[in-house]
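Read the structure below first, then the notes.
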Protein chains: 4
Amino acid sequence: MLYCGICGSDMHFYKDGEPEFVNLYPFIIGHEGSGEIVAVGDRVTHVQVGDRVAIEPGIPCRVCEWCTSGRYHLCDKMVFLSAPRANGVMREYISHPADLCHKLPDTVSAMEGALIEPLAVGMSAAAKSGIGLGHSAAILGAGCVGLLTMLSLRARGVTDITVVDLFANRLDKANELGATRVINAHGSDPAAEVRSAFRDLGPDYVFETAGSMHAAKQTVPMVKRGGKVVIIGNIVGQIPVDFQLATNKEVDILTNFRYHNVHPLAIGAVASGQIDLRNIVSRVYRFEQTPQAFEDCIEHRDTMVKAMLKIALDA
Amino acid sequence: MLYCGICGSDMHFYKDGEPEFVNLYPFIIGHEGSGEIVAVGDRVTHVQVGDRVAIEPGIPCRVCEWCTSGRYHLCDKMVFLSAPRANGVMREYISHPADLCHKLPDTVSAMEGALIEPLAVGMSAAAKSGIGLGHSAAILGAGCVGLLTMLSLRARGVTDITVVDLFANRLDKANELGATRVINAHGSDPAAEVRSAFRDLGPDYVFETAGSMHAAKQTVPMVKRGGKVVIIGNIVGQIPVDFQLATNKEVDILTNFRYHNVHPLAIGAVASGQIDLRNIVSRVYRFEQTPQAFEDCIEHRDTMVKAMLKIALDA
Amino acid sequence: MLYCGICGSDMHFYKDGEPEFVNLYPFIIGHEGSGEIVAVGDRVTHVQVGDRVAIEPGIPCRVCEWCTSGRYHLCDKMVFLSAPRANGVMREYISHPADLCHKLPDTVSAMEGALIEPLAVGMSAAAKSGIGLGHSAAILGAGCVGLLTMLSLRARGVTDITVVDLFANRLDKANELGATRVINAHGSDPAAEVRSAFRDLGPDYVFETAGSMHAAKQTVPMVKRGGKVVIIGNIVGQIPVDFQLATNKEVDILTNFRYHNVHPLAIGAVASGQIDLRNIVSRVYRFEQTPQAFEDCIEHRDTMVKAMLKIALDA
Amino acid sequence: MLYCGICGSDMHFYKDGEPEFVNLYPFIIGHEGSGEIVAVGDRVTHVQVGDRVAIEPGIPCRVCEWCTSGRYHLCDKMVFLSAPRANGVMREYISHPADLCHKLPDTVSAMEGALIEPLAVGMSAAAKSGIGLGHSAAILGAGCVGLLTMLSLRARGVTDITVVDLFANRLDKANELGATRVINAHGSDPAAEVRSAFRDLGPDYVFETAGSMHAAKQTVPMVKRGGKVVIIGNIVGQIPVDFQLATNKEVDILTNFRYHNVHPLAIGAVASGQIDLRNIVSRVYRFEQTPQAFEDCIEHRDTMVKAMLKIALDA
């Protein structure tokens, strides 16, 4: 392994533990990884020793109805690295199916390679939504997922993107990375504020990446008549939805779970320069600094967009 | 006008009034109508005097972005008969745009013609969902909209349909009209009961037509991994939705508002025998019995699937 | 193996041989088969010894970009039974991947099970085209593929189907199985004749199953403005297409290659009674009569819709 | 009117005439126009006197099945400016339906406004094809339509585009405007050359804009297994197509006719800087130089990408 990113779920596992995991300790977490090939099976031809790769961490069964129909991310026999009972990628060596090791071209760094996994979430949500050239969007939440969703939309030709968050420093980051405009949700009626930025009609799409009930409740009132809401964030609890309003506007609420068939596309978008991941990384830690990295992530949750672990010394 | 059906919204207007309407009284309601052409404009060629037609009651502006892109039902200048300020169809004569008067073939009766409008709602929801041959569905609610949705699914080749309701007589009606199986939602965990009827995976699609919070809450737990929920019913209030569950199953929640481009298709389905509307009608009233019809509808809400007014004496 | 159907490609292999096959002789052909499970691997749970199954004859690699995206029929490492170098199903025993053995319910006979494969071709073409309730279609060719396509369309709710062929007995068969109308293509302008059957506009879809240049040339002139042509038949040679006409009508020409993810759906459609395969079979031969079956197929090509081999004595 | 572009069909009308037009002379041609509003109807609100607009030249009937379903470009009562019997835009004043006059923002010049119409053709073909981020394409023909198609693909996030033409100066222009690579089709097997530029698999999409039989014949052999061919060019004559090859690769051949609902999107793409039209224009002529402009277009067909007429002196 070369690099590994720290995700919100990693922080949750580190800080709170997880009842399901107790009997598994010691357990290795991490699912955002890049590595260098040190050995390959006999029949592997698309990568060879020395190649750098991005790891797609979910291993599907290949034969169920979801796998054969192309939605392998929904496979109910999925083995997902760092989810019980499969150890994750925060380690020096890993054995992984060859077709889930996606070769990085020379123009994509190993650190960018480890960011392909979270980028794939944003690109998957963007692709599933159908958004593209000429559409408009609001993104709720300017954390790592929100920013990567914004970059994914821009790569698809979307130029009218409003980012909404409660923290000024996050909104500054969104501006830096290419938001058309930003809105601080502290106001009395953020949904109305957002709508007013889109000719009082609202945006064609609203992407919920904040994972908060407050944000989720705004989505249906905010979106344009006939538009779509896409839920990406992990929202705990029961969210009250006004379905009468949703139906009168014929708004659809889509959800996105992880990704499928996205890694090659994400690597291509980074290689071609359409998506620039470098400004996503807040700080790089050496592997032995892992505990410090986690402490920093937990303490500075609002300013730390993404912390990376450099696993191999010469990565 | 020949026939007119009584819809739940008509009952609401009749019984409760509507603040917006106060200054409009006297105001004519009704939007489920069929008629016979008594005069046509000079350039009208697709219908002539004497033809019987189904009335599509929404008149769109024709030129806005929703109209030109084929989603005219979302036109925000829509004039909808029986919604303020446009009088409805419970009257003897009406002037209506020719292209919204859909000719009935000889094999479709005037009474069936008046049922084309509510059928169009079910067919629209079915079409929007993408459901078809080989998919499975649960329909929540066995009222008029639920039953018409069931007939719409069957016409698209769906053969595995479970209908859920709280009333035995409604479920009997669903059985009579072709449900694969029915489930009474009085049990302790109706979502689990429905899932168990579909190999414990749940149905590919869940259509919510009951308009109740209780039913709406069951949709996400009930539907299959990767499946779709379609909201048709008019659900008042804030419905609690578990988006974490929805996202983990990647369930999409679609909504359906009225219909667009469906009337000719609905007439064709009735004419070809794929959809049989005759057993939907509970009772036919003469036009002068209208007050009685409304009283009966309100009093016998659970057994009255659809009451019809026969407006013309010789209809 | 229980039953096996004889396909046009089998006849071609039997009669003409195939240069690629010469070094493979003896070589077993046949790809339309049903069987009874006599042994299963340790981890197989969806079928057990004694179950009857339909064989899906193409074994994909499971890991290439086509396989993981759900279009495994395009896998370029596909091993297809009866195509070099994989022996086919006209034999008594076969070892085959478990997930490609699709269990038949009690209500589907072993003979019908062997017809699932050719049915899957028709159902795949129908599904890919997007045709459904309210659309109209012309089917060129009333051979086995044409008839199975017709049954597939009807199962999806299509009720307006015109079948075109040169032979009266084939058209009679199409009528018997549910064509709305039939047209003999011997006339001077069959495309105009077909269009006139659809309000002079032409059908929404034209399915080419005849595999003849003459038929293929008619498709673009025949189809409705904005409609779709679907090529299923195996058409040898260069077909002249008037792209100016196609573009002015904005007609799309789709092709269908085999099937993917269709077998369970096809079995379900037969089990539910939506598709009745029994009248497709012209004659059943005992396994030792195989040479006679081939001779009959070749000699009576126009009247023999489908010949079946009964491989197991007690099938 | 402010500006008008000269299209290939204009040249054809100018040079060869058109039998249908004879009885219409004098007849005004031109359909690529921008203008300044000098008067508006009472109920027009989206534009006012002094606004600059791009003209969408096709006036649909608004009520037929194509119009109400959003495919108004296929309306068979379409009145298209410069097609018999509707005079075109090469004149100083024109009366046109308000909703087909699309307002230009300050950042889009009147000359760019006249290029919105041909751009809409390329954007329509791109949108219809479904191409987007991560896909690859070959474009056959580097004339005006080919180049505008290329810009349309780039605006949708497509970064791997090979342009094919017979003329070096056109290929230079394609390179200047952003082609990933160019290939001169003079070689012995251009389809193989193109395929080899895409890992020997061929591009996901092939856009035929050259309007030549030679190019059209290459499309099916060139495109990737499972890919799509899109016909935009006006190809006279019968083009030989190998449907056996198309079916074995499951290649679909789509066609594109004009555009619908594209003008606002095209204006937005130019306004946001995603599409830069300025280098498309080869030369601007004053209105009184119109005959000279036509002569130049006809004589220098291969180097003149687009000639523009400046109709108003102060445009």
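FYI, nothing fancy with the structure tokens labels: chains A, B, ... in order, residues from 1 per chain, ligands from 1 as they appear.
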Check: which chain C residues lie within 9 Å of chain D using only C-alpha atoms, as a PyMOL selection string:
chain C and resi 66+71+74+76+225-226+231-244+246-258
For Tyr93 (chain B): contacts at 12 Å, only C-alpha atoms, fewer than 6 positions along chain excluded, given as an MDAnalysis selection string
chainID B and resid 1:3 28 33:39 87 311:312
Would you export the selected residues with all heavy atoms as a JSON list (two decimals), in the first residue's frame, please?
```json
[["chain", "number", "residue", "atom", "x", "y", "z"],
["B", 1, "MET", "N", -71.71, 17.48, -21.99],
["B", 1, "MET", "CA", -71.07, 16.50, -21.13],
["B", 1, "MET", "C", -71.98, 15.27, -21.01],
["B", 1, "MET", "O", -73.19, 15.38, -20.91],
["B", 1, "MET", "CB", -70.80, 17.09, -19.74],
["B", 1, "MET", "CG", -69.84, 18.28, -19.74],
["B", 1, "MET", "SD", -68.22, 17.89, -20.46],
["B", 1, "MET", "CE", -67.70, 16.53, -19.43],
["B", 2, "LEU", "N", -71.34, 14.10, -20.97],
["B", 2, "LEU", "CA", -72.10, 12.86, -20.86],
["B", 2, "LEU", "C", -72.00, 12.27, -19.45],
["B", 2, "LEU", "O", -73.00, 12.05, -18.80],
["B", 2, "LEU", "CB", -71.59, 11.85, -21.90],
["B", 2, "LEU", "CG", -71.76, 12.28, -23.37],
["B", 2, "LEU", "CD1", -71.14, 11.24, -24.30],
["B", 2, "LEU", "CD2", -73.23, 12.47, -23.71],
["B", 3, "TYR", "N", -70.78, 12.04, -19.00],
["B", 3, "TYR", "CA", -70.59, 11.45, -17.68],
["B", 3, "TYR", "C", -69.52, 12.24, -16.92],
["B", 3, "TYR", "O", -68.65, 12.87, -17.54],
["B", 3, "TYR", "CB", -70.12, 9.99, -17.79],
["B", 3, "TYR", "CG", -71.22, 9.00, -17.97],
["B", 3, "TYR", "CD1", -71.67, 8.68, -19.25],
["B", 3, "TYR", "CD2", -71.81, 8.37, -16.87],
["B", 3, "TYR", "CE1", -72.70, 7.76, -19.43],
["B", 3, "TYR", "CE2", -72.83, 7.45, -17.04],
["B", 3, "TYR", "CZ", -73.27, 7.15, -18.33],
["B", 3, "TYR", "OH", -74.28, 6.24, -18.50],
["B", 28, "ILE", "N", -68.01, 25.65, -10.23],
["B", 28, "ILE", "CA", -68.34, 24.29, -10.70],
["B", 28, "ILE", "C", -67.13, 23.39, -10.52],
["B", 28, "ILE", "O", -66.03, 23.74, -10.95],
["B", 28, "ILE", "CB", -68.76, 24.32, -12.19],
["B", 28, "ILE", "CG1", -70.00, 25.20, -12.37],
["B", 28, "ILE", "CG2", -68.99, 22.91, -12.71],
["B", 28, "ILE", "CD1", -70.32, 25.50, -13.81],
["B", 33, "GLY", "N", -64.35, 13.82, -16.86],
["B", 33, "GLY", "CA", -65.54, 13.92, -17.69],
["B", 33, "GLY", "C", -65.41, 13.37, -19.10],
["B", 33, "GLY", "O", -64.32, 13.33, -19.69],
["B", 34, "SER", "N", -66.54, 12.92, -19.63],
["B", 34, "SER", "CA", -66.63, 12.60, -21.05],
["B", 34, "SER", "C", -67.77, 13.42, -21.64],
["B", 34, "SER", "O", -68.70, 13.81, -20.93],
["B", 34, "SER", "CB", -66.88, 11.11, -21.27],
["B", 34, "SER", "OG", -68.14, 10.73, -20.74],
["B", 35, "GLY", "N", -67.70, 13.66, -22.94],
["B", 35, "GLY", "CA", -68.74, 14.46, -23.56],
["B", 35, "GLY", "C", -68.96, 14.08, -25.01],
["B", 35, "GLY", "O", -68.29, 13.18, -25.54],
["B", 36, "GLU", "N", -69.92, 14.74, -25.62],
["B", 36, "GLU", "CA", -70.19, 14.55, -27.04],
["B", 36, "GLU", "C", -69.99, 15.90, -27.71],
["B", 36, "GLU", "O", -70.50, 16.92, -27.22],
["B", 36, "GLU", "CB", -71.62, 14.05, -27.24],
["B", 36, "GLU", "CG", -71.95, 13.75, -28.69],
["B", 36, "GLU", "CD", -73.41, 13.33, -28.87],
["B", 36, "GLU", "OE1", -73.92, 12.57, -28.02],
["B", 36, "GLU", "OE2", -74.02, 13.79, -29.86],
["B", 37, "ILE", "N", -69.30, 15.91, -28.82],
["B", 37, "ILE", "CA", -68.99, 17.16, -29.50],
["B", 37, "ILE", "C", -70.26, 17.73, -30.13],
["B", 37, "ILE", "O", -70.95, 17.04, -30.89],
["B", 37, "ILE", "CB", -67.94, 16.92, -30.61],
["B", 37, "ILE", "CG1", -66.66, 16.30, -30.04],
["B", 37, "ILE", "CG2", -67.64, 18.21, -31.36],
["B", 37, "ILE", "CD1", -65.82, 17.20, -29.21],
["B", 38, "VAL", "N", -70.54, 19.00, -29.82],
["B", 38, "VAL", "CA", -71.70, 19.67, -30.46],
["B", 38, "VAL", "C", -71.27, 20.76, -31.43],
["B", 38, "VAL", "O", -72.07, 21.21, -32.25],
["B", 38, "VAL", "CB", -72.67, 20.25, -29.41],
["B", 38, "VAL", "CG1", -73.35, 19.11, -28.63],
["B", 38, "VAL", "CG2", -71.97, 21.20, -28.46],
["B", 39, "ALA", "N", -70.02, 21.18, -31.33],
["B", 39, "ALA", "CA", -69.52, 22.17, -32.29],
["B", 39, "ALA", "C", -68.00, 22.14, -32.27],
["B", 39, "ALA", "O", -67.40, 21.86, -31.22],
["B", 39, "ALA", "CB", -70.01, 23.58, -31.92],
["B", 87, "ASN", "N", -63.77, 26.79, -13.97],
["B", 87, "ASN", "CA", -64.90, 25.92, -13.63],
["B", 87, "ASN", "C", -64.66, 24.51, -14.16],
["B", 87, "ASN", "O", -64.00, 24.31, -15.19],
["B", 87, "ASN", "CB", -66.20, 26.48, -14.23],
["B", 87, "ASN", "CG", -66.76, 27.59, -13.35],
["B", 87, "ASN", "OD1", -66.91, 27.40, -12.15],
["B", 87, "ASN", "ND2", -67.06, 28.74, -13.96],
["B", 311, "ILE", "N", -74.69, 12.77, -16.83],
["B", 311, "ILE", "CA", -75.11, 14.16, -17.02],
["B", 311, "ILE", "C", -76.17, 14.28, -18.11],
["B", 311, "ILE", "O", -77.23, 14.86, -17.90],
["B", 311, "ILE", "CB", -73.89, 15.06, -17.33],
["B", 311, "ILE", "CG1", -72.93, 15.01, -16.13],
["B", 311, "ILE", "CG2", -74.34, 16.49, -17.63],
["B", 311, "ILE", "CD1", -71.66, 15.80, -16.30],
["B", 312, "ALA", "N", -75.91, 13.72, -19.28],
["B", 312, "ALA", "CA", -76.90, 13.79, -20.37],
["B", 312, "ALA", "C", -77.89, 12.64, -20.19],
["B", 312, "ALA", "O", -77.49, 11.51, -19.88],
["B", 312, "ALA", "CB", -76.21, 13.68, -21.72]]
```
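Reported to one decimal place, the separation of CA of Asp314 (chain B) from CA of Val49 (chain B) is 16.1 Å.
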Determine, counting only C-alpha atoms, which protein, DNA and RNA residues have an atom within 12 Å of an atom of Asp189 (chain A); residues of the same chain fewer than 2 positions away are not included. Present the result as number ranges by chain.
A: 183-187, 191-196, 214-215, 217-218, 221-222
Can I get the selection written as a compact mmCIF listing (two decimals), in the first residue's frame, with all heavy atoms?
```txt
# COMPACT_ATOMS: atom_id res chain seq x y z
N ILE A 183 -23.69 29.91 -0.26
CA ILE A 183 -24.71 30.50 0.62
C ILE A 183 -24.53 29.90 2.01
O ILE A 183 -24.43 28.69 2.17
CB ILE A 183 -26.13 30.21 0.09
CG1 ILE A 183 -26.39 31.05 -1.17
CG2 ILE A 183 -27.19 30.48 1.15
CD1 ILE A 183 -27.73 30.83 -1.82
N ASN A 184 -24.48 30.77 2.99
CA ASN A 184 -24.41 30.29 4.36
C ASN A 184 -25.81 29.99 4.87
O ASN A 184 -26.70 30.83 4.79
CB ASN A 184 -23.72 31.32 5.26
CG ASN A 184 -23.34 30.70 6.58
OD1 ASN A 184 -24.18 30.13 7.27
ND2 ASN A 184 -22.05 30.76 6.92
N ALA A 185 -26.00 28.77 5.34
CA ALA A 185 -27.34 28.30 5.71
C ALA A 185 -27.81 28.84 7.05
O ALA A 185 -28.85 28.41 7.55
CB ALA A 185 -27.36 26.77 5.72
N HIS A 186 -27.08 29.80 7.63
CA HIS A 186 -27.49 30.33 8.93
C HIS A 186 -28.74 31.19 8.86
O HIS A 186 -29.36 31.48 9.88
CB HIS A 186 -26.35 31.16 9.55
CG HIS A 186 -25.53 30.36 10.50
ND1 HIS A 186 -24.16 30.29 10.42
CD2 HIS A 186 -25.89 29.54 11.52
CE1 HIS A 186 -23.72 29.49 11.38
NE2 HIS A 186 -24.74 29.02 12.05
N GLY A 187 -29.12 31.62 7.66
CA GLY A 187 -30.26 32.52 7.51
C GLY A 187 -31.57 31.85 7.91
O GLY A 187 -31.64 30.66 8.19
N ALA A 191 -33.74 27.59 2.12
CA ALA A 191 -34.32 27.06 0.88
C ALA A 191 -34.74 28.21 -0.03
O ALA A 191 -34.50 28.19 -1.24
CB ALA A 191 -35.51 26.15 1.20
N ALA A 192 -35.36 29.22 0.55
CA ALA A 192 -35.79 30.37 -0.26
C ALA A 192 -34.60 31.13 -0.81
O ALA A 192 -34.61 31.59 -1.96
CB ALA A 192 -36.67 31.30 0.58
N GLU A 193 -33.56 31.25 0.00
CA GLU A 193 -32.35 31.93 -0.47
C GLU A 193 -31.75 31.22 -1.68
O GLU A 193 -31.32 31.85 -2.65
CB GLU A 193 -31.30 31.97 0.65
CG GLU A 193 -31.24 33.29 1.41
CD GLU A 193 -30.07 33.27 2.39
OE1 GLU A 193 -28.95 33.65 2.00
OE2 GLU A 193 -30.29 32.84 3.55
N VAL A 194 -31.71 29.90 -1.59
CA VAL A 194 -31.16 29.13 -2.71
C VAL A 194 -32.05 29.27 -3.93
O VAL A 194 -31.57 29.52 -5.04
CB VAL A 194 -30.98 27.65 -2.31
CG1 VAL A 194 -30.61 26.81 -3.52
CG2 VAL A 194 -29.89 27.51 -1.23
N ARG A 195 -33.35 29.11 -3.73
CA ARG A 195 -34.25 29.25 -4.88
C ARG A 195 -34.04 30.59 -5.57
O ARG A 195 -34.04 30.69 -6.79
CB ARG A 195 -35.71 29.16 -4.43
CG ARG A 195 -36.25 27.75 -4.33
CD ARG A 195 -37.79 27.73 -4.40
NE ARG A 195 -38.39 28.68 -3.47
CZ ARG A 195 -38.62 28.43 -2.19
NH1 ARG A 195 -38.30 27.25 -1.68
NH2 ARG A 195 -39.17 29.34 -1.41
N SER A 196 -33.88 31.64 -4.76
CA SER A 196 -33.78 32.97 -5.36
C SER A 196 -32.52 33.10 -6.22
O SER A 196 -32.45 33.92 -7.12
CB SER A 196 -33.82 34.05 -4.28
OG SER A 196 -32.57 34.09 -3.61
N HIS A 214 -31.36 18.84 9.28
CA HIS A 214 -31.70 20.21 8.91
C HIS A 214 -31.55 20.43 7.40
O HIS A 214 -32.43 21.00 6.74
CB HIS A 214 -30.81 21.18 9.68
CG HIS A 214 -31.14 22.61 9.43
ND1 HIS A 214 -32.29 23.21 9.93
CD2 HIS A 214 -30.49 23.58 8.72
CE1 HIS A 214 -32.33 24.46 9.54
NE2 HIS A 214 -31.26 24.71 8.81
N ALA A 215 -30.43 19.95 6.87
CA ALA A 215 -30.19 20.11 5.43
C ALA A 215 -31.18 19.27 4.63
O ALA A 215 -31.76 19.74 3.64
CB ALA A 215 -28.75 19.71 5.09
N LYS A 217 -34.15 18.32 5.25
CA LYS A 217 -35.51 18.89 5.21
C LYS A 217 -35.66 20.00 4.18
O LYS A 217 -36.76 20.28 3.71
CB LYS A 217 -35.87 19.46 6.60
CG LYS A 217 -36.27 18.43 7.61
CD LYS A 217 -36.46 19.04 8.98
CE LYS A 217 -37.61 20.04 9.02
NZ LYS A 217 -37.81 20.53 10.42
N GLN A 218 -34.56 20.66 3.86
CA GLN A 218 -34.60 21.78 2.90
C GLN A 218 -34.69 21.33 1.45
O GLN A 218 -34.98 22.14 0.56
CB GLN A 218 -33.33 22.65 3.04
CG GLN A 218 -33.01 23.11 4.43
CD GLN A 218 -33.92 24.24 4.88
OE1 GLN A 218 -34.48 24.93 4.04
NE2 GLN A 218 -34.10 24.38 6.17
N PRO A 221 -38.31 21.57 -0.54
CA PRO A 221 -38.72 22.96 -0.79
C PRO A 221 -37.76 23.72 -1.71
O PRO A 221 -38.17 24.65 -2.40
CB PRO A 221 -38.71 23.59 0.62
CG PRO A 221 -38.83 22.44 1.57
CD PRO A 221 -38.17 21.27 0.89
N MET A 222 -36.51 23.33 -1.72
CA MET A 222 -35.48 24.09 -2.44
C MET A 222 -35.46 23.80 -3.94
O MET A 222 -35.24 24.69 -4.75
CB MET A 222 -34.13 23.70 -1.84
CG MET A 222 -32.94 24.48 -2.35
SD MET A 222 -31.43 23.78 -1.63
CE MET A 222 -31.57 24.29 0.09
```
Looking only at the backbone, which of the residues in region 109-270 of chain D does DSSP tag as helix (DSSP H, G or I), as number ranges by chain?
D: 110-129, 144-155, 168-177, 190-196, 213-222, 243-248, 263-270
Near Ile131 (chain B), within 8 Å and counting only C-alpha atoms, which residues show up once chain neighbours fewer than 2 positions away are dropped, as a VMD selection string?
chain B and resid 126 to 127 129 133 135 153 156 158 205
Please produce an output containing N, CA, C and O atoms for each residue in the selection, written as a CSV table (one decimal), in the first residue's frame.
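Dumped everything to again_2.csv:
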```
chain,number,residue,atom,x,y,z
B,126,ALA,N,-47.3,4.3,-13.4
B,126,ALA,CA,-46.7,3.1,-13.9
B,126,ALA,C,-45.6,3.3,-14.9
B,126,ALA,O,-44.5,2.8,-14.9
B,127,ALA,N,-45.9,4.2,-15.9
B,127,ALA,CA,-45.0,4.5,-17.0
B,127,ALA,C,-43.7,5.2,-16.4
B,127,ALA,O,-42.6,4.9,-16.7
B,129,SER,N,-42.4,5.0,-13.5
B,129,SER,CA,-41.6,4.1,-12.7
B,129,SER,C,-40.7,3.2,-13.5
B,129,SER,O,-39.7,2.8,-13.0
B,133,LEU,N,-42.7,-6.0,-17.6
B,133,LEU,CA,-42.6,-7.5,-17.7
B,133,LEU,C,-41.5,-8.0,-16.8
B,133,LEU,O,-40.3,-7.7,-16.9
B,135,HIS,N,-41.1,-7.6,-13.5
B,135,HIS,CA,-40.9,-7.0,-12.2
B,135,HIS,C,-42.1,-7.3,-11.3
B,135,HIS,O,-43.1,-7.8,-11.7
B,153,LEU,N,-50.6,-1.6,-14.1
B,153,LEU,CA,-49.4,-2.5,-14.1
B,153,LEU,C,-49.6,-3.8,-14.8
B,153,LEU,O,-48.8,-4.3,-15.6
B,156,ARG,N,-49.2,-3.6,-18.4
B,156,ARG,CA,-47.8,-3.5,-18.9
B,156,ARG,C,-47.0,-4.8,-18.7
B,156,ARG,O,-45.8,-4.9,-18.9
B,158,VAL,N,-47.0,-6.8,-15.9
B,158,VAL,CA,-46.6,-7.1,-14.5
B,158,VAL,C,-47.6,-8.2,-13.9
B,158,VAL,O,-48.8,-7.9,-14.0
B,205,TYR,N,-40.9,-2.8,-6.8
B,205,TYR,CA,-41.6,-1.5,-6.8
B,205,TYR,C,-42.6,-1.5,-5.7
B,205,TYR,O,-43.3,-2.5,-5.5
```
Residues at most 8 Å from region 273-286 of chain A, counting only C-alpha atoms, excluding those fewer than 6 positions away in the same chain, as a compact mmCIF listing (two decimals) with N, CA and C atoms, in the first residue's frame?
```txt
# COMPACT_ATOMS: atom_id res chain seq x y z
N GLU A 112 -3.18 10.89 -5.26
CA GLU A 112 -4.44 11.04 -5.99
C GLU A 112 -5.13 9.68 -6.14
N LEU A 115 -7.39 8.87 -3.50
CA LEU A 115 -8.60 9.72 -3.46
C LEU A 115 -9.63 9.29 -4.50
N CYS A 144 -15.80 16.93 2.46
CA CYS A 144 -15.08 16.21 1.40
C CYS A 144 -16.03 15.68 0.34
N LEU A 147 -17.51 18.57 -1.74
CA LEU A 147 -16.55 19.16 -2.68
C LEU A 147 -16.26 18.22 -3.85
N LEU A 151 -16.81 18.84 -7.85
CA LEU A 151 -15.84 18.61 -8.93
C LEU A 151 -16.42 17.65 -9.97
N SER A 152 -17.18 16.67 -9.50
CA SER A 152 -17.79 15.70 -10.43
C SER A 152 -18.81 16.38 -11.33
N ALA A 155 -17.03 18.45 -13.97
CA ALA A 155 -16.44 17.61 -15.02
C ALA A 155 -17.48 17.14 -16.02
N LEU A 177 -12.48 26.06 -5.08
CA LEU A 177 -12.50 24.91 -5.99
C LEU A 177 -13.49 25.06 -7.13
N ALA A 293 -3.11 11.50 13.27
CA ALA A 293 -3.99 11.87 12.16
C ALA A 293 -5.45 11.74 12.57
N MET A 304 -10.63 20.14 8.38
CA MET A 304 -9.87 19.06 7.75
C MET A 304 -10.73 18.45 6.64
N VAL A 305 -10.46 18.84 5.41
CA VAL A 305 -11.25 18.26 4.33
C VAL A 305 -10.88 16.78 4.16
N LYS A 306 -9.61 16.51 4.07
CA LYS A 306 -9.17 15.11 3.91
C LYS A 306 -7.73 14.97 4.42
N ALA A 307 -7.57 14.04 5.37
CA ALA A 307 -6.23 13.70 5.85
C ALA A 307 -5.78 12.41 5.17
N MET A 308 -4.49 12.38 4.78
CA MET A 308 -3.95 11.21 4.08
C MET A 308 -2.84 10.59 4.91
N LEU A 309 -2.79 9.26 4.86
CA LEU A 309 -1.67 8.53 5.46
C LEU A 309 -0.74 8.08 4.34
N LYS A 310 0.55 8.38 4.51
CA LYS A 310 1.55 7.92 3.53
C LYS A 310 2.11 6.61 4.09
N ILE A 311 1.71 5.51 3.54
CA ILE A 311 2.03 4.21 4.13
C ILE A 311 3.45 3.77 3.78
N LEU A 313 7.23 4.37 2.67
CA LEU A 313 8.15 5.50 2.87
C LEU A 313 8.47 6.22 1.56
N GLY D 157 -17.88 17.04 -21.19
CA GLY D 157 -16.86 16.34 -20.42
C GLY D 157 -16.14 15.24 -21.16
```
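CA of Ile55 (chain A) sits 16.5 Å away from CA of Gly41 (chain A).
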Selection: 12 Å around Arg43 (chain B), only C-alpha atoms, excl. self and same-chain fewer than 5 positions, as a ChimeraX atom specification:
/B:48,97-99
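Counting only C-alpha atoms and comparing B:Gly70, B:Gly30, B:Gly268, B:Gly17, the residue that lies closest to Lys103 (chain B) is B:Gly268.
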Which residues in region 47-147 of chain B does DSSP call strand (DSSP E)? List them as a VMD selection string.
chain B and resid 52 to 55 58 to 59 79 to 80 101 to 103 136 to 140
Write the residues you've just listed into a file as a tab-separated table (two decimals), in the first residue's frame, and include C-alpha atoms for each of them.
```tsv
chain	number	residue	atom	x	y	z
B	52	ARG	CA	-67.74	11.15	-28.06
B	53	VAL	CA	-64.57	12.29	-26.29
B	54	ALA	CA	-62.69	12.04	-23.00
B	55	ILE	CA	-61.77	15.42	-21.56
B	58	GLY	CA	-55.46	20.55	-17.79
B	59	ILE	CA	-54.80	23.33	-20.33
B	79	VAL	CA	-55.36	26.06	-16.15
B	80	PHE	CA	-56.90	22.96	-14.62
B	101	CYS	CA	-60.70	16.30	-26.33
B	102	HIS	CA	-59.65	12.72	-27.03
B	103	LYS	CA	-61.93	10.79	-29.33
B	136	SER	CA	-42.89	-7.31	-9.03
B	137	ALA	CA	-44.89	-4.71	-7.15
B	138	ALA	CA	-46.72	-3.96	-3.95
B	139	ILE	CA	-49.56	-1.45	-4.08
B	140	LEU	CA	-50.46	0.23	-0.81
```
